[in-house]
Number of protein chains: 2
Amino acid sequence: MNKVQSDIRQWVRPTTVIRCDLIDELAGTKIILASETFQRTGSFKFRAAFNVSSNMPQRKLIAASSGNFGQALAYSCKLLEKSCIIVMPATSAAVKIDAVRRYGGKVELVDTGSKTRAQRVAELAAEHEDAVVVSAFDDDYVIEGNSTLGEELASIQSEFDCVVVPVGGGGLISGILNGLRRKGCRKPVYGAEPLVANDAARSLKAGKLIKNEVEPQTIADGVRTLSVGERNWEIIRTNVEGIVEVPEEKICEAFRALFLLANLKVEPTGALALAAVLSDAARFAGKSVCCIATGGNVDPSTLEQLLRT
Amino acid sequence: MNKVQSDIRQWVRPTTVIRCDLIDELAGTKIILASETFQRTGSFKFRAAFNVSSNMPQRKLIAASSGNFGQALAYSCKLLEKSCIIVMPATSAAVKIDAVRRYGGKVELVDTGSKTRAQRVAELAAEHEDAVVVSAFDDDYVIEGNSTLGEELASIQSEFDCVVVPVGGGGLISGILNGLRRKGCRKPVYGAEPLVANDAARSLKAGKLIKNEVEPQTIADGVRTLSVGERNWEIIRTNVEGIVEVPEEKICEAFRALFLLANLKVEPTGALALAAVLSDAARFAGKSVCCIATGGNVDPSTLEQLLRT
């Protein structure tokens, strides 16, 4: 199956490879940062969103997203002259709502105390019969959009021994695994998951998909998902080398290190892969580790708070 | 004359080319950012410092620098197993002093109320007969180290119509001009200078080198120089297309735009080239403009202040 729309490669920006001697020193090993912070809309989500948008026959898309997928979908639809409705909690930060609108998306705020986002999405889908509802991770087009990053990494595989990828819904890691394997790269891929949101790690140990009971409150807001998707789980289960469970303080440490030592502005989730290396130094000793920095859309207030701690 | 040490190309990191749709929209034209924020030690100065350090027969170097050149020289000397003394004002921010020390440099603080930096450098030179004093800009090796960036830009010249480069001592713009011209690229190069530190613009109008009477207090601390150097002036005078004089508020606006829209963390001087485009939109309308983002070493306190204004 190849569900990557041919058009996507002229829109997706190649990932930005960044090296920093001080980061290598801190990690005690060679770190290759593959940064998606300069991707369109500031995160890897554009790869997924553009691929799914361009493959849907419908001209109208609906999705629930409080973050990067919403921005990416809004911009993809703008580029494709389609329209979209993004369902966001009424409590979302103003900057996130503004960002979706800036890229041309229509925002539907939902009071999550009285109605779930999924309920509101279902209502909107009933109202808009011409629209299609899309998932941010549990979708073949999403996975294949993200596989373009795996293919890019395969083309520089001589530079690293393994890859570390943040895991939330699993859309990125499953895409990277597919892209790497398709290009013949068998190098190990590790997931990085916050310890307080370790459903994928627990799933891997149990050999079956386990869900968090409530949305985990990690600082890495990009991976606050109840579980990985079904499609993602099938790929992760059979291909991933392991999942590193990362304490919150290591995410903060990696965030600060990237900002202050490498001049790389990431959002907390974008620091998760480096944080995994910092929290399990023995596993990565002597290895050249490719860490995916997933996105850079951090709120200024979160940034200030993280730099002060 | 080719004073680029052959070794330099294995140490200097290639510049990072970054595109951002929202920046293009803000500028009203196509902007290609050539970012030196991921260069070793976080600024273009490494190109100059490594070239001068590796070409000097002496094992000990002395320089006055309160900023990026000091860090770059310290790290160059560390890589080359040489030593260096960096003369800094006693009032320098602790983070800047720490950065020089982190890269292995010896810091000499001078109370600039009772003695100039130049006097302290002269004293140290007398004390250390085996040492050589190096300039951050008025030096052929410095210029030729920076010319490596011009050569890199020449290799992507099909992407832009002109280049905009911040001007302080003139080390970077003269190097870029030499590198571009050597590679046969005749595209126009503009300088970008703070309006409150417009000695190069005034020099160009007067047809002779004019100096500021005191160090200008622009937010762009990387270009707080009294004038461009003699060697730099000769290259600028005959090759530059023009100098754009940039109001302070445009530097702040460009800084915030790069940070918030493009996820690019620069120091204020690193925003100067984009600020020039924002402040003279008519001149650059319809052009693809390559803006050099010179460095990313901004103090967290300056960053917070700039994001709030």
# chains A, B, ... in the order shown; residues from 1 in each chain; ligands from 1
>>> residues_around(residues="A:Glu248", least_positions_apart="2", cutoff="12 Å", atoms="only C-alpha atoms", output="count of residues only")
30
>>> interface_residues(of="chain B", to="chain A", cutoff="9 Å", atoms="only C-alpha atoms", output="PyMOL selection string")
chain B and resi 13+16-22+37-42+259-266+295-300+304+307
>>> residues_around(residues="A:Ala136", least_positions_apart="6", cutoff="9 Å", atoms="only C-alpha atoms", output="list in words")
Lys45, Ala48, Ala49, Ala63, Ala64, Ser65, Phe69, Gly70, Val142, Gly169 and Gly171 of chain A
>>> residues_around(residues="A:Asn239", least_positions_apart="2", cutoff="10 Å", atoms="only C-alpha atoms", output="number ranges by chain")
A: 173-174, 177-178, 181, 186, 188-190, 233-237, 241-242
>>> write_last_selection(atoms="N, CA, C and O atoms", output="tab-separated table (two decimals), in the first residue's frame")
chain	number	residue	atom	x	y	z
A	173	ILE	N	5.31	7.61	15.05
A	173	ILE	CA	6.25	6.47	15.11
A	173	ILE	C	5.84	5.39	14.11
A	173	ILE	O	6.71	4.78	13.47
A	174	SER	N	4.54	5.17	13.93
A	174	SER	CA	4.13	4.15	12.96
A	174	SER	C	4.47	4.60	11.54
A	174	SER	O	4.92	3.79	10.72
A	177	LEU	N	8.30	4.22	11.13
A	177	LEU	CA	8.63	2.80	10.95
A	177	LEU	C	8.31	2.35	9.52
A	177	LEU	O	9.15	1.72	8.86
A	178	ASN	N	7.14	2.69	9.03
A	178	ASN	CA	6.78	2.31	7.66
A	178	ASN	C	7.74	2.91	6.64
A	178	ASN	O	8.18	2.23	5.71
A	181	ARG	N	11.32	1.23	6.93
A	181	ARG	CA	11.34	-0.17	6.48
A	181	ARG	C	11.13	-0.27	4.97
A	181	ARG	O	11.75	-1.09	4.29
A	186	ARG	N	16.64	-1.05	8.56
A	186	ARG	CA	16.16	-1.92	9.65
A	186	ARG	C	16.65	-1.43	11.01
A	186	ARG	O	16.59	-2.17	11.99
A	188	PRO	N	17.05	0.09	14.68
A	188	PRO	CA	16.05	0.10	15.76
A	188	PRO	C	15.41	1.46	15.97
A	188	PRO	O	16.07	2.49	15.90
A	189	VAL	N	14.11	1.43	16.22
A	189	VAL	CA	13.34	2.64	16.52
A	189	VAL	C	12.73	2.48	17.91
A	189	VAL	O	12.06	1.48	18.20
A	190	TYR	N	13.00	3.46	18.77
A	190	TYR	CA	12.44	3.47	20.12
A	190	TYR	C	11.35	4.52	20.22
A	190	TYR	O	11.47	5.60	19.65
A	233	TRP	N	-1.01	0.77	16.61
A	233	TRP	CA	-0.60	-0.32	17.50
A	233	TRP	C	-0.08	-1.53	16.72
A	233	TRP	O	0.95	-2.11	17.06
A	234	GLU	N	-0.75	-1.88	15.64
A	234	GLU	CA	-0.31	-3.03	14.84
A	234	GLU	C	1.11	-2.85	14.32
A	234	GLU	O	1.89	-3.79	14.27
A	235	ILE	N	1.42	-1.60	13.92
A	235	ILE	CA	2.77	-1.32	13.40
A	235	ILE	C	3.80	-1.25	14.53
A	235	ILE	O	4.90	-1.80	14.44
A	236	ILE	N	3.41	-0.60	15.62
A	236	ILE	CA	4.32	-0.45	16.76
A	236	ILE	C	4.65	-1.82	17.35
A	236	ILE	O	5.82	-2.16	17.58
A	237	ARG	N	3.62	-2.58	17.63
A	237	ARG	CA	3.72	-3.90	18.27
A	237	ARG	C	4.78	-4.79	17.61
A	237	ARG	O	5.58	-5.44	18.28
A	241	GLU	N	11.50	-1.21	18.84
A	241	GLU	CA	12.55	-1.87	19.63
A	241	GLU	C	12.25	-1.80	21.12
A	241	GLU	O	12.65	-2.69	21.88
A	242	GLY	N	11.55	-0.76	21.53
A	242	GLY	CA	11.21	-0.59	22.94
A	242	GLY	C	10.65	0.80	23.15
A	242	GLY	O	10.69	1.64	22.24
>>> atom_distance(atom1="atom CA of A:Pro89", atom2="atom CA of A:Phe137")
18.7 Å
>>> closest_residue(among="A:Ala72, A:Leu109, A:Ala200, A:Met88", to="A:Val244", atoms="only C-alpha atoms")
A:Ala200
>>> atom_distance(atom1="atom CA of B:Ile62", atom2="atom CA of B:Cys84")
5.6 Å
